[in-house]
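*Asks:* Right, I'll just put the structure down here and ask away after.
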2 protein chains.
Amino acid sequence: VAGADAHEVVYGRRAVAEAERGRRRVHRIWHAEDHGDAELTRLAGSPDHQGVVAEVDPYPYARAHDLLDDEDALVVALDEVQDPHNLGAVCRSAEVAGASGVVICERRAAAVTPAVCKASAGAVEHLAVARVGNLADWLLEAKRRDDVWVYGADAGAPGSPSKTDLTGRVVLVLGSEGRGIRPRVAAACDALVAIPSRGRVTSLNVSVAASVLLFEALRQRGHG
Amino acid sequence: VAGADAHEVVYGRRAVAEAERGRRRVHRIWHAEDHGDAELTRLAGSPDHQGVVAEVDPYPYARAHDLLDDEDALVVALDEVQDPHNLGAVCRSAEVAGASGVVICERRAAAVTPAVCKASAGAVEHLAVARVGNLADWLLEAKRRDDVWVYGADAGAPGSPSKTDLTGRVVLVLGSEGRGIRPRVAAACDALVAIPSRGRVTSLNVSVAASVLLFEALRQRGHG
């Protein structure tokens, strides 16, 4: 395909359907009934294509700073989350919650790959996702705007989501499963909050933790 | 292995670790360094074993009715959720939230398989999971106790979680992704509630929806 090396693919039924009504140009769609399962697996680079692969423009990343323009901006920032399913799941919830966007790290982190597009059920096509080189620096810079508040999720923190004011311009920071938020990123937060844990298995999936915080913010903002 | 046909397996590092400190007897543990990756894949029935497989007693299902004994019982009921990852993820969140248990359907639904144990990060070892033959009938029977309230999650419902009283004995009902709750199950609910949706992709993952409702219930109950 001429010029295809500047293109990316999206695979899976919902991911392709959302790409078709999303922001980036869809150049071509392959269906398994026409081209065969093996050819689609080759095009997708994965057997998880569900019979459909689209050739699309590269993912249109947003500028991180722009995500904070709205006076009720609600942003999720992920500190080196490497699992594509987790990134996709966070993006899906963020889009449903009407969040302003998701900030991810350029290095040691999943980017918006075809696997992430599928895991997000196509939500990334409608969501602003921005990459930053250094998350702690970006958070410190964001806080120079005098009405931005940054909250980090930390299982051991004393603060709880419902006792934290999540209205206004807010960035919710979550770390990778197992390791959590890095110390320098945690230090850049205004406060750390813990989702209540009452069981023996102490950790939530990162997309669940992000979702609980996002919908608590919505509740405080009068939505639901 | 003598008697092994009455045993089940659990695989994955966290799933095996939680089985070891959980309720069922662990008969034997295999490590890939001793037995090889291929042998563990054969024992696990999956390549996702992370180098460790345990032979354990069958999963000890709870009795559904018992889950409502506590006066602040908080139960999640899943209507024909077939995806093992979704069931495992719901169980993980329910355990972290300190829920009384999870009720699942006997038919057309995932049971607590080794894949579910792994997807739950071992949480099923500490959580009560009960199976019922007919979920609508069980909900109607549960409601005959005069202080049990049943709420179904439905994206189109007028009610919102924070405006619904989720204190006391509560059952939260969630359906499978795509299809939602079946009509007869929805009819058995006291009310339907919708998690607010402000994006273009309208549906949350079922484990995220369950988690948002569980932690909203905890908030109303004074936990976090």
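In the structure tokens, chains take letters A, B, ... by order of appearance, with residues numbered from 1 within each chain and ligands from 1 in the order shown.
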List as a list in words the protein and nucleic acid residues near stretch 54-63 of chain B, meaning an atom at most 6 Å away when only C-alpha atoms are counted, but skip any in the same chain fewer than 5 places from it.
*Replies:*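 Result of the neighbour search: His7, Glu8, Val9, Val10, Arg24, Arg25, Val26, His27, Arg28, Ile29, Ala128, Val129 and Ala130 of chain B.
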*Asks:* Go ahead and write the residues just picked, C-alpha atoms, as a CSV table (one decimal), in the first residue's frame.
*Replies:*
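Written file, out.csv:
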chain,number,residue,atom,x,y,z
B,7,HIS,CA,-8.9,-31.3,42.4
B,8,GLU,CA,-8.6,-28.1,40.5
B,9,VAL,CA,-5.7,-25.9,39.6
B,10,VAL,CA,-4.9,-22.3,40.2
B,24,ARG,CA,-9.1,-24.3,50.3
B,25,ARG,CA,-6.4,-26.9,50.7
B,26,VAL,CA,-3.4,-26.6,48.5
B,27,HIS,CA,-2.1,-30.1,47.6
B,28,ARG,CA,0.9,-29.3,45.6
B,29,ILE,CA,2.7,-26.5,43.9
B,128,ALA,CA,-17.9,-15.5,49.0
B,129,VAL,CA,-19.1,-16.4,45.5
B,130,ALA,CA,-22.4,-18.2,45.2
*Asks:* Find the residues around B:Gly12 up to 7 Å (only C-alpha atoms counted), leave out those fewer than 6 positions away in its own chain, and share them as a ChimeraX atom specification.
*Replies:* /B:48-50,52-53,118
*Asks:* So that each row is one residue of chain B with an atom at most 9 Å from chain A, can you give its shortest atom pair and the distance in Å to one decimal, using only C-alpha atoms, rows by chain and rising number, as JSON lines?
*Replies:*
{"residue": "B:Glu18", "atom": "CA", "partner": "A:Val201", "partner_atom": "CA", "distance": 8.3}
{"residue": "B:Ala89", "atom": "CA", "partner": "A:Asn205", "partner_atom": "CA", "distance": 7.9}
{"residue": "B:Arg92", "atom": "CA", "partner": "A:Leu204", "partner_atom": "CA", "distance": 7.1}
{"residue": "B:Ser93", "atom": "CA", "partner": "A:Leu204", "partner_atom": "CA", "distance": 6.2}
{"residue": "B:Ala94", "atom": "CA", "partner": "A:Gly199", "partner_atom": "CA", "distance": 8.4}
{"residue": "B:Glu95", "atom": "CA", "partner": "A:Gly199", "partner_atom": "CA", "distance": 5.2}
{"residue": "B:Val96", "atom": "CA", "partner": "A:Gly199", "partner_atom": "CA", "distance": 4.4}
{"residue": "B:Ala97", "atom": "CA", "partner": "A:Arg198", "partner_atom": "CA", "distance": 5.4}
{"residue": "B:Gly98", "atom": "CA", "partner": "A:Arg198", "partner_atom": "CA", "distance": 4.7}
{"residue": "B:Ala99", "atom": "CA", "partner": "A:Gly199", "partner_atom": "CA", "distance": 8.3}
{"residue": "B:Ala121", "atom": "CA", "partner": "A:Val201", "partner_atom": "CA", "distance": 7.9}
{"residue": "B:Gly122", "atom": "CA", "partner": "A:Val201", "partner_atom": "CA", "distance": 7.7}
{"residue": "B:Ala123", "atom": "CA", "partner": "A:Val201", "partner_atom": "CA", "distance": 5.9}
{"residue": "B:His126", "atom": "CA", "partner": "A:Arg200", "partner_atom": "CA", "distance": 7.1}
{"residue": "B:Leu127", "atom": "CA", "partner": "A:Gly199", "partner_atom": "CA", "distance": 8.7}
{"residue": "B:Gly159", "atom": "CA", "partner": "A:Gly224", "partner_atom": "CA", "distance": 8.4}
{"residue": "B:Ser160", "atom": "CA", "partner": "A:Gly224", "partner_atom": "CA", "distance": 5.1}
{"residue": "B:Pro161", "atom": "CA", "partner": "A:Gly224", "partner_atom": "CA", "distance": 6.5}
{"residue": "B:Ser162", "atom": "CA", "partner": "A:Gly224", "partner_atom": "CA", "distance": 6.1}
{"residue": "B:Lys163", "atom": "CA", "partner": "A:Gly224", "partner_atom": "CA", "distance": 7.4}
{"residue": "B:Ala194", "atom": "CA", "partner": "A:Gly224", "partner_atom": "CA", "distance": 8.2}
{"residue": "B:Ile195", "atom": "CA", "partner": "A:Gly224", "partner_atom": "CA", "distance": 6.8}
{"residue": "B:Pro196", "atom": "CA", "partner": "A:Gly224", "partner_atom": "CA", "distance": 5.4}
{"residue": "B:Ser197", "atom": "CA", "partner": "A:Val96", "partner_atom": "CA", "distance": 5.2}
{"residue": "B:Arg198", "atom": "CA", "partner": "A:Gly98", "partner_atom": "CA", "distance": 4.7}
{"residue": "B:Gly199", "atom": "CA", "partner": "A:Val96", "partner_atom": "CA", "distance": 4.4}
{"residue": "B:Arg200", "atom": "CA", "partner": "A:Val96", "partner_atom": "CA", "distance": 6.9}
{"residue": "B:Val201", "atom": "CA", "partner": "A:Ala123", "partner_atom": "CA", "distance": 5.9}
{"residue": "B:Thr202", "atom": "CA", "partner": "A:Val96", "partner_atom": "CA", "distance": 6.0}
{"residue": "B:Ser203", "atom": "CA", "partner": "A:Val96", "partner_atom": "CA", "distance": 7.0}
{"residue": "B:Leu204", "atom": "CA", "partner": "A:Ser93", "partner_atom": "CA", "distance": 6.2}
{"residue": "B:Asn205", "atom": "CA", "partner": "A:Ala89", "partner_atom": "CA", "distance": 7.9}
{"residue": "B:Ser207", "atom": "CA", "partner": "A:Val208", "partner_atom": "CA", "distance": 7.6}
{"residue": "B:Val208", "atom": "CA", "partner": "A:Val208", "partner_atom": "CA", "distance": 5.5}
{"residue": "B:Ala209", "atom": "CA", "partner": "A:Ser211", "partner_atom": "CA", "distance": 8.6}
{"residue": "B:Ser211", "atom": "CA", "partner": "A:Val208", "partner_atom": "CA", "distance": 6.6}
{"residue": "B:Val212", "atom": "CA", "partner": "A:Val212", "partner_atom": "CA", "distance": 5.3}
{"residue": "B:Leu213", "atom": "CA", "partner": "A:Val212", "partner_atom": "CA", "distance": 8.8}
{"residue": "B:Phe215", "atom": "CA", "partner": "A:Val212", "partner_atom": "CA", "distance": 7.0}
{"residue": "B:Glu216", "atom": "CA", "partner": "A:Glu216", "partner_atom": "CA", "distance": 7.9}
{"residue": "B:Leu218", "atom": "CA", "partner": "A:Pro196", "partner_atom": "CA", "distance": 8.1}
{"residue": "B:Arg219", "atom": "CA", "partner": "A:Ser162", "partner_atom": "CA", "distance": 7.0}
{"residue": "B:His223", "atom": "CA", "partner": "A:Pro196", "partner_atom": "CA", "distance": 6.6}
{"residue": "B:Gly224", "atom": "CA", "partner": "A:Ser160", "partner_atom": "CA", "distance": 5.1}
*Asks:* For stretch 181-192 of chain B, list every protein, DNA or RNA residue within 8 Å, evaluated using only C-alpha atoms, and leave out those in the same chain fewer than 2 positions away; present the list as a VMD selection string.
*Replies:* chain B and resid 79 135 to 136 139 to 140 149 to 154 157 to 159 173 to 176 179 194
*Asks:* Would you output that residue set with N, CA, C and O atoms, as a PDB file, in the first residue's frame?
*Replies:*
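Wrote it out as selection-v4.pdb, contents follow:
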ATOM      1  N   ASP B  79     -25.661 -10.982  36.002  1.00  0.00           N
ATOM      2  CA  ASP B  79     -26.615 -11.674  35.144  1.00  0.00           C
ATOM      3  C   ASP B  79     -25.919 -12.183  33.887  1.00  0.00           C
ATOM      4  O   ASP B  79     -25.697 -11.436  32.943  1.00  0.00           O
ATOM      5  N   LEU B 135     -31.536 -16.282  38.447  1.00  0.00           N
ATOM      6  CA  LEU B 135     -31.206 -15.048  39.170  1.00  0.00           C
ATOM      7  C   LEU B 135     -32.447 -14.231  39.508  1.00  0.00           C
ATOM      8  O   LEU B 135     -32.559 -13.707  40.624  1.00  0.00           O
ATOM      9  N   ALA B 136     -33.400 -14.127  38.569  1.00  0.00           N
ATOM     10  CA  ALA B 136     -34.615 -13.344  38.846  1.00  0.00           C
ATOM     11  C   ALA B 136     -35.353 -13.945  40.037  1.00  0.00           C
ATOM     12  O   ALA B 136     -35.791 -13.218  40.950  1.00  0.00           O
ATOM     13  N   LEU B 139     -33.555 -13.127  43.287  1.00  0.00           N
ATOM     14  CA  LEU B 139     -33.735 -11.729  43.694  1.00  0.00           C
ATOM     15  C   LEU B 139     -35.120 -11.534  44.321  1.00  0.00           C
ATOM     16  O   LEU B 139     -35.261 -10.863  45.348  1.00  0.00           O
ATOM     17  N   LEU B 140     -36.141 -12.146  43.701  1.00  0.00           N
ATOM     18  CA  LEU B 140     -37.500 -12.018  44.240  1.00  0.00           C
ATOM     19  C   LEU B 140     -37.576 -12.655  45.628  1.00  0.00           C
ATOM     20  O   LEU B 140     -38.206 -12.109  46.544  1.00  0.00           O
ATOM     21  N   TRP B 149     -32.777  -4.487  49.496  1.00  0.00           N
ATOM     22  CA  TRP B 149     -33.063  -3.635  48.344  1.00  0.00           C
ATOM     23  C   TRP B 149     -32.185  -4.043  47.185  1.00  0.00           C
ATOM     24  O   TRP B 149     -30.990  -4.281  47.351  1.00  0.00           O
ATOM     25  N   VAL B 150     -32.808  -4.137  46.019  1.00  0.00           N
ATOM     26  CA  VAL B 150     -32.118  -4.631  44.829  1.00  0.00           C
ATOM     27  C   VAL B 150     -32.072  -3.527  43.783  1.00  0.00           C
ATOM     28  O   VAL B 150     -33.116  -3.008  43.370  1.00  0.00           O
ATOM     29  N   TYR B 151     -30.861  -3.164  43.356  1.00  0.00           N
ATOM     30  CA  TYR B 151     -30.689  -2.104  42.363  1.00  0.00           C
ATOM     31  C   TYR B 151     -29.949  -2.649  41.142  1.00  0.00           C
ATOM     32  O   TYR B 151     -28.892  -3.265  41.271  1.00  0.00           O
ATOM     33  N   GLY B 152     -30.525  -2.420  39.989  1.00  0.00           N
ATOM     34  CA  GLY B 152     -29.904  -2.869  38.747  1.00  0.00           C
ATOM     35  C   GLY B 152     -29.218  -1.727  38.019  1.00  0.00           C
ATOM     36  O   GLY B 152     -29.735  -0.611  37.976  1.00  0.00           O
ATOM     37  N   ALA B 153     -28.042  -2.002  37.444  1.00  0.00           N
ATOM     38  CA  ALA B 153     -27.333  -0.992  36.652  1.00  0.00           C
ATOM     39  C   ALA B 153     -27.844  -1.036  35.222  1.00  0.00           C
ATOM     40  O   ALA B 153     -27.834  -2.089  34.583  1.00  0.00           O
ATOM     41  N   ASP B 154     -28.323   0.121  34.738  1.00  0.00           N
ATOM     42  CA  ASP B 154     -28.884   0.192  33.388  1.00  0.00           C
ATOM     43  C   ASP B 154     -28.559   1.573  32.838  1.00  0.00           C
ATOM     44  O   ASP B 154     -28.989   2.593  33.405  1.00  0.00           O
ATOM     45  N   ALA B 157     -31.277   4.265  32.636  1.00  0.00           N
ATOM     46  CA  ALA B 157     -32.182   4.488  33.770  1.00  0.00           C
ATOM     47  C   ALA B 157     -32.156   5.941  34.217  1.00  0.00           C
ATOM     48  O   ALA B 157     -31.159   6.636  34.033  1.00  0.00           O
ATOM     49  N   PRO B 158     -33.257   6.412  34.813  1.00  0.00           N
ATOM     50  CA  PRO B 158     -33.284   7.795  35.286  1.00  0.00           C
ATOM     51  C   PRO B 158     -32.534   7.988  36.611  1.00  0.00           C
ATOM     52  O   PRO B 158     -32.005   9.066  36.870  1.00  0.00           O
ATOM     53  N   GLY B 159     -32.491   6.962  37.456  1.00  0.00           N
ATOM     54  CA  GLY B 159     -31.877   7.110  38.776  1.00  0.00           C
ATOM     55  C   GLY B 159     -30.365   7.162  38.700  1.00  0.00           C
ATOM     56  O   GLY B 159     -29.751   6.581  37.809  1.00  0.00           O
ATOM     57  N   VAL B 173     -27.119  -5.326  40.867  1.00  0.00           N
ATOM     58  CA  VAL B 173     -27.215  -6.277  39.759  1.00  0.00           C
ATOM     59  C   VAL B 173     -26.608  -5.664  38.506  1.00  0.00           C
ATOM     60  O   VAL B 173     -26.956  -4.536  38.130  1.00  0.00           O
ATOM     61  N   LEU B 174     -25.714  -6.398  37.857  1.00  0.00           N
ATOM     62  CA  LEU B 174     -25.101  -5.926  36.611  1.00  0.00           C
ATOM     63  C   LEU B 174     -25.221  -7.012  35.553  1.00  0.00           C
ATOM     64  O   LEU B 174     -25.107  -8.201  35.856  1.00  0.00           O
ATOM     65  N   GLY B 175     -25.437  -6.595  34.323  1.00  0.00           N
ATOM     66  CA  GLY B 175     -25.571  -7.550  33.231  1.00  0.00           C
ATOM     67  C   GLY B 175     -24.292  -7.677  32.432  1.00  0.00           C
ATOM     68  O   GLY B 175     -23.279  -7.051  32.736  1.00  0.00           O
ATOM     69  N   SER B 176     -24.369  -8.492  31.397  1.00  0.00           N
ATOM     70  CA  SER B 176     -23.195  -8.679  30.555  1.00  0.00           C
ATOM     71  C   SER B 176     -23.006  -7.452  29.675  1.00  0.00           C
ATOM     72  O   SER B 176     -23.946  -6.711  29.395  1.00  0.00           O
ATOM     73  N   ARG B 179     -25.314  -6.685  26.274  1.00  0.00           N
ATOM     74  CA  ARG B 179     -26.727  -7.021  26.417  1.00  0.00           C
ATOM     75  C   ARG B 179     -27.367  -6.430  27.662  1.00  0.00           C
ATOM     76  O   ARG B 179     -28.575  -6.241  27.724  1.00  0.00           O
ATOM     77  N   ALA B 194     -28.378   4.502  36.692  1.00  0.00           N
ATOM     78  CA  ALA B 194     -27.410   4.694  35.606  1.00  0.00           C
ATOM     79  C   ALA B 194     -26.199   5.432  36.139  1.00  0.00           C
ATOM     80  O   ALA B 194     -26.337   6.477  36.787  1.00  0.00           O
TER      81      ALA B 194
END
*Asks:* Least-squares superpose chain B onto chain A - every C-alpha atom, paired in order - and show me the moved coordinates as a short mmCIF file (atom, residue, chain, number, x, y, z; two decimals) with C-alpha atoms, in the first residue's frame.
*Replies:*
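Printed below is part-v3.cif as written:
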data_model
loop_
_atom_site.label_atom_id
_atom_site.label_comp_id
_atom_site.auth_asym_id
_atom_site.auth_seq_id
_atom_site.Cartn_x
_atom_site.Cartn_y
_atom_site.Cartn_z
CA VAL B 1 0.12 -0.20 0.11
CA ALA B 2 1.64 3.11 -1.04
CA GLY B 3 2.34 5.37 1.90
CA ALA B 4 1.19 2.76 4.36
CA ASP B 5 4.33 3.08 6.44
CA ALA B 6 3.03 6.46 7.66
CA HIS B 7 -0.24 4.82 8.59
CA GLU B 8 -1.29 2.82 11.60
CA VAL B 9 -3.88 0.10 12.03
CA VAL B 10 -6.86 -0.27 14.28
CA TYR B 11 -8.47 -3.67 14.76
CA GLY B 12 -11.55 -5.06 16.43
CA ARG B 13 -15.20 -4.32 15.73
CA ARG B 14 -15.79 -1.50 18.19
CA ALA B 15 -12.35 0.05 17.76
CA VAL B 16 -12.82 0.24 13.97
CA ALA B 17 -16.39 1.53 14.29
CA GLU B 18 -15.25 4.33 16.61
CA ALA B 19 -12.29 5.13 14.33
CA GLU B 20 -14.79 5.59 11.49
CA ARG B 21 -16.70 8.23 13.44
CA GLY B 22 -13.59 9.65 15.12
CA ARG B 23 -10.98 12.29 14.30
CA ARG B 24 -8.45 10.50 12.17
CA ARG B 25 -8.77 9.57 8.52
CA VAL B 26 -9.61 5.96 7.76
CA HIS B 27 -7.87 4.94 4.54
CA ARG B 28 -9.06 1.41 4.10
CA ILE B 29 -10.90 -1.33 5.92
CA TRP B 30 -10.18 -5.02 5.55
CA HIS B 31 -12.72 -7.69 6.42
CA ALA B 32 -11.83 -11.31 7.14
CA GLU B 33 -14.58 -12.57 4.83
CA ASP B 34 -12.79 -10.93 1.88
CA HIS B 35 -9.14 -11.31 2.84
CA GLY B 36 -9.00 -14.25 5.20
CA ASP B 37 -8.21 -14.56 8.87
CA ALA B 38 -4.48 -15.07 8.38
CA GLU B 39 -4.09 -11.92 6.29
CA LEU B 40 -5.97 -9.86 8.88
CA THR B 41 -3.83 -11.31 11.66
CA ARG B 42 -0.76 -10.26 9.66
CA LEU B 43 -2.13 -6.75 9.05
CA ALA B 44 -3.24 -6.31 12.67
CA GLY B 45 -0.13 -7.87 14.13
CA SER B 46 -2.50 -9.73 16.44
CA PRO B 47 -5.09 -12.52 16.20
CA ASP B 48 -7.55 -10.36 18.21
CA HIS B 49 -8.91 -8.50 15.18
CA GLN B 50 -12.47 -9.90 15.30
CA GLY B 51 -12.52 -9.99 11.51
CA VAL B 52 -11.91 -6.31 10.82
CA VAL B 53 -8.79 -4.13 10.46
CA ALA B 54 -8.64 -0.47 9.44
CA GLU B 55 -5.69 1.44 8.04
CA VAL B 56 -5.77 4.88 9.65
CA ASP B 57 -3.74 8.05 10.12
CA PRO B 58 -1.34 8.04 13.07
CA TYR B 59 -2.98 8.62 16.45
CA PRO B 60 -3.52 12.38 16.94
CA TYR B 61 -2.01 13.08 20.35
CA ALA B 62 -3.14 16.21 22.13
CA ARG B 63 -0.90 18.83 23.80
CA ALA B 64 -0.88 18.11 27.52
CA HIS B 65 -1.14 21.74 28.54
CA ASP B 66 -4.32 22.21 26.50
CA LEU B 67 -6.13 19.58 28.58
CA LEU B 68 -6.28 22.05 31.48
CA ASP B 69 -7.93 24.90 29.59
CA ASP B 70 -11.48 24.31 30.83
CA GLU B 71 -12.20 25.72 34.25
CA ASP B 72 -13.63 22.36 35.28
CA ALA B 73 -10.90 20.34 33.55
CA LEU B 74 -10.66 16.76 34.80
CA VAL B 75 -7.48 14.99 33.69
CA VAL B 76 -6.08 11.54 34.44
CA ALA B 77 -2.27 11.25 34.46
CA LEU B 78 -0.69 7.81 34.37
CA ASP B 79 2.81 7.31 35.75
CA GLU B 80 4.53 4.70 33.60
CA VAL B 81 1.54 2.41 33.10
CA GLN B 82 2.89 -0.23 30.74
CA ASP B 83 0.01 -2.66 30.33
CA PRO B 84 -1.94 -1.82 27.14
CA HIS B 85 -5.13 -3.28 28.59
CA ASN B 86 -4.89 -1.03 31.61
CA LEU B 87 -4.22 2.07 29.49
CA GLY B 88 -7.12 1.17 27.20
CA ALA B 89 -9.45 0.56 30.15
CA VAL B 90 -8.49 3.89 31.76
CA CYS B 91 -9.17 5.68 28.46
CA ARG B 92 -12.56 3.99 28.11
CA SER B 93 -13.67 5.12 31.58
CA ALA B 94 -12.20 8.61 31.12
CA GLU B 95 -14.15 9.05 27.90
CA VAL B 96 -17.41 7.82 29.42
CA ALA B 97 -16.85 10.15 32.38
CA GLY B 98 -16.37 13.08 30.00
CA ALA B 99 -12.82 13.72 31.28
CA SER B 100 -10.75 16.38 29.54
CA GLY B 101 -8.10 13.83 28.70
CA VAL B 102 -5.41 11.40 29.76
CA VAL B 103 -1.70 12.22 30.11
CA ILE B 104 0.80 9.40 29.67
CA CYS B 105 4.58 9.13 29.86
CA GLU B 106 6.64 9.02 26.68
CA ARG B 107 8.98 6.39 28.08
CA ARG B 108 8.49 3.12 29.98
CA ALA B 109 4.78 3.37 29.30
CA ALA B 110 2.23 2.05 26.82
CA ALA B 111 1.44 4.44 23.96
CA VAL B 112 -1.86 4.45 22.05
CA THR B 113 -1.14 1.26 20.12
CA PRO B 114 -3.72 -0.80 18.23
CA ALA B 115 -4.04 -3.05 21.31
CA VAL B 116 -4.87 0.02 23.41
CA CYS B 117 -7.44 1.21 20.86
CA LYS B 118 -9.17 -2.15 21.10
CA ALA B 119 -8.94 -2.33 24.90
CA SER B 120 -10.52 1.13 25.09
CA ALA B 121 -13.47 -0.07 22.95
CA GLY B 122 -12.53 2.74 20.57
CA ALA B 123 -12.84 5.46 23.23
CA VAL B 124 -9.36 6.83 22.39
CA GLU B 125 -10.77 8.07 19.07
CA HIS B 126 -12.91 10.61 20.97
CA LEU B 127 -10.60 11.28 23.92
CA ALA B 128 -7.63 13.65 24.19
CA VAL B 129 -4.49 11.67 25.05
CA ALA B 130 -1.22 13.58 25.53
CA ARG B 131 2.33 12.39 26.09
CA VAL B 132 4.85 14.12 28.34
CA GLY B 133 8.58 13.52 28.67
CA ASN B 134 8.67 13.98 32.43
CA LEU B 135 5.45 13.62 34.37
CA ALA B 136 6.69 15.18 37.63
CA ASP B 137 7.92 18.26 35.74
CA TRP B 138 4.63 18.53 33.87
CA LEU B 139 2.63 18.35 37.10
CA LEU B 140 4.80 21.04 38.72
CA GLU B 141 4.37 23.23 35.65
CA ALA B 142 0.60 22.62 35.62
CA LYS B 143 0.39 23.70 39.26
CA ARG B 144 1.94 27.08 38.41
CA ARG B 145 -1.52 27.88 37.10
CA ASP B 146 -2.98 28.92 40.40
CA ASP B 147 -6.19 26.94 40.15
CA VAL B 148 -4.95 23.47 39.24
CA TRP B 149 -5.02 20.76 41.92
CA VAL B 150 -3.14 17.51 41.60
CA TYR B 151 -4.19 14.41 43.56
CA GLY B 152 -2.29 11.14 43.54
CA ALA B 153 -3.85 7.74 44.26
CA ASP B 154 -1.87 5.91 46.94
CA ALA B 155 -3.26 2.93 48.85
CA GLY B 156 -1.52 4.03 52.05
CA ALA B 157 -2.60 7.68 52.02
CA PRO B 158 -4.68 9.17 54.83
CA GLY B 159 -6.99 11.20 52.56
CA SER B 160 -10.14 9.72 51.07
CA PRO B 161 -11.75 10.67 47.73
CA SER B 162 -15.07 11.85 49.14
CA LYS B 163 -13.34 14.09 51.71
CA THR B 164 -11.14 15.62 48.99
CA ASP B 165 -12.47 18.51 46.91
CA LEU B 166 -12.37 17.22 43.34
CA THR B 167 -14.12 20.21 41.77
CA GLY B 168 -12.39 22.79 39.60
CA ARG B 169 -9.28 22.03 37.53
CA VAL B 170 -8.11 18.64 38.78
CA VAL B 171 -5.44 16.15 37.73
CA LEU B 172 -5.79 12.61 39.11
CA VAL B 173 -2.46 10.75 39.10
CA LEU B 174 -2.28 6.94 39.14
CA GLY B 175 0.76 4.70 39.03
CA SER B 176 1.41 1.29 37.61
CA GLU B 177 0.02 -1.76 39.38
CA GLY B 178 2.48 -3.12 41.86
CA ARG B 179 4.78 -0.12 41.97
CA GLY B 180 2.35 2.78 42.31
CA ILE B 181 3.37 6.40 41.80
CA ARG B 182 7.11 7.17 41.77
CA PRO B 183 8.32 9.32 44.71
CA ARG B 184 9.11 12.41 42.63
CA VAL B 185 5.67 12.25 41.00
CA ALA B 186 4.00 11.77 44.40
CA ALA B 187 5.93 14.78 45.69
CA ALA B 188 4.47 16.86 42.86
CA CYS B 189 0.93 16.11 44.05
CA ASP B 190 -0.97 18.50 46.32
CA ALA B 191 -2.28 15.52 48.27
CA LEU B 192 -2.47 11.74 48.10
CA VAL B 193 -5.79 9.94 48.44
CA ALA B 194 -6.60 6.31 49.14
CA ILE B 195 -9.63 4.50 47.85
CA PRO B 196 -10.99 2.65 50.89
CA SER B 197 -9.78 -0.94 51.08
CA ARG B 198 -11.60 -3.36 53.37
CA GLY B 199 -10.47 -6.71 51.99
CA ARG B 200 -7.37 -8.90 52.20
CA VAL B 201 -6.29 -8.24 48.60
CA THR B 202 -5.30 -4.62 48.94
CA SER B 203 -4.98 -3.34 45.42
CA LEU B 204 -7.51 -2.34 42.82
CA ASN B 205 -6.86 -2.57 39.11
CA VAL B 206 -5.54 0.83 37.95
CA SER B 207 -8.50 1.36 35.60
CA VAL B 208 -10.90 0.65 38.47
CA ALA B 209 -9.06 3.05 40.77
CA ALA B 210 -9.11 5.75 38.07
CA SER B 211 -12.81 5.15 37.48
CA VAL B 212 -13.75 5.36 41.15
CA LEU B 213 -11.94 8.71 41.39
CA LEU B 214 -13.40 10.02 38.12
CA PHE B 215 -16.99 9.22 39.08
CA GLU B 216 -16.48 10.59 42.60
CA ALA B 217 -15.30 13.83 40.91
CA LEU B 218 -18.44 13.78 38.74
CA ARG B 219 -20.61 13.25 41.80
CA GLN B 220 -19.03 16.26 43.51
CA ARG B 221 -19.55 18.26 40.34
CA GLY B 222 -23.26 17.49 40.37
CA HIS B 223 -23.30 14.84 37.66
CA GLY B 224 -24.97 11.71 39.03
#
*Asks:* Quick check for you: according to DSSP on this backbone, which residues of stretch 73-114 of chain A are classed as alpha helix (DSSP H)? Reply as a list in words.
*Replies:*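 In stretch 73-114 of chain A, DSSP puts these residues in alpha helix (DSSP H): Pro84, His85, Asn86, Leu87, Gly88, Ala89, Val90, Cys91, Arg92, Ser93, Ala94, Glu95, Val96 and Pro114 of chain A.
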*Asks:* Go ahead and save the picked residues with N, CA and C atoms, as a short mmCIF file (atom, residue, chain, number, x, y, z; two decimals), in the first residue's frame.
*Replies:*
data_model
loop_
_atom_site.label_atom_id
_atom_site.label_comp_id
_atom_site.auth_asym_id
_atom_site.auth_seq_id
_atom_site.Cartn_x
_atom_site.Cartn_y
_atom_site.Cartn_z
N PRO A 84 -1.02 -2.45 28.11
CA PRO A 84 -1.94 -1.83 27.14
C PRO A 84 -3.40 -1.99 27.54
N HIS A 85 -3.74 -3.11 28.17
CA HIS A 85 -5.13 -3.28 28.59
C HIS A 85 -5.51 -2.28 29.66
N ASN A 86 -4.59 -2.02 30.58
CA ASN A 86 -4.88 -1.03 31.61
C ASN A 86 -5.02 0.37 31.02
N LEU A 87 -4.10 0.74 30.13
CA LEU A 87 -4.22 2.07 29.50
C LEU A 87 -5.53 2.17 28.73
N GLY A 88 -5.87 1.14 27.97
CA GLY A 88 -7.11 1.17 27.21
C GLY A 88 -8.32 1.28 28.12
N ALA A 89 -8.31 0.54 29.23
CA ALA A 89 -9.45 0.55 30.15
C ALA A 89 -9.57 1.92 30.83
N VAL A 90 -8.45 2.54 31.18
CA VAL A 90 -8.49 3.88 31.76
C VAL A 90 -9.09 4.87 30.75
N CYS A 91 -8.66 4.77 29.50
CA CYS A 91 -9.17 5.68 28.46
C CYS A 91 -10.67 5.50 28.26
N ARG A 92 -11.13 4.25 28.28
CA ARG A 92 -12.56 4.00 28.11
C ARG A 92 -13.36 4.68 29.22
N SER A 93 -12.94 4.50 30.47
CA SER A 93 -13.66 5.12 31.58
C SER A 93 -13.56 6.64 31.52
N ALA A 94 -12.39 7.14 31.18
CA ALA A 94 -12.20 8.60 31.12
C ALA A 94 -13.12 9.21 30.07
N GLU A 95 -13.28 8.52 28.95
CA GLU A 95 -14.15 9.05 27.89
C GLU A 95 -15.60 9.02 28.34
N VAL A 96 -16.03 7.92 28.94
CA VAL A 96 -17.42 7.83 29.42
C VAL A 96 -17.68 8.91 30.48
N PRO A 114 -2.46 -0.15 18.62
CA PRO A 114 -3.71 -0.82 18.23
C PRO A 114 -4.32 -1.64 19.36
#
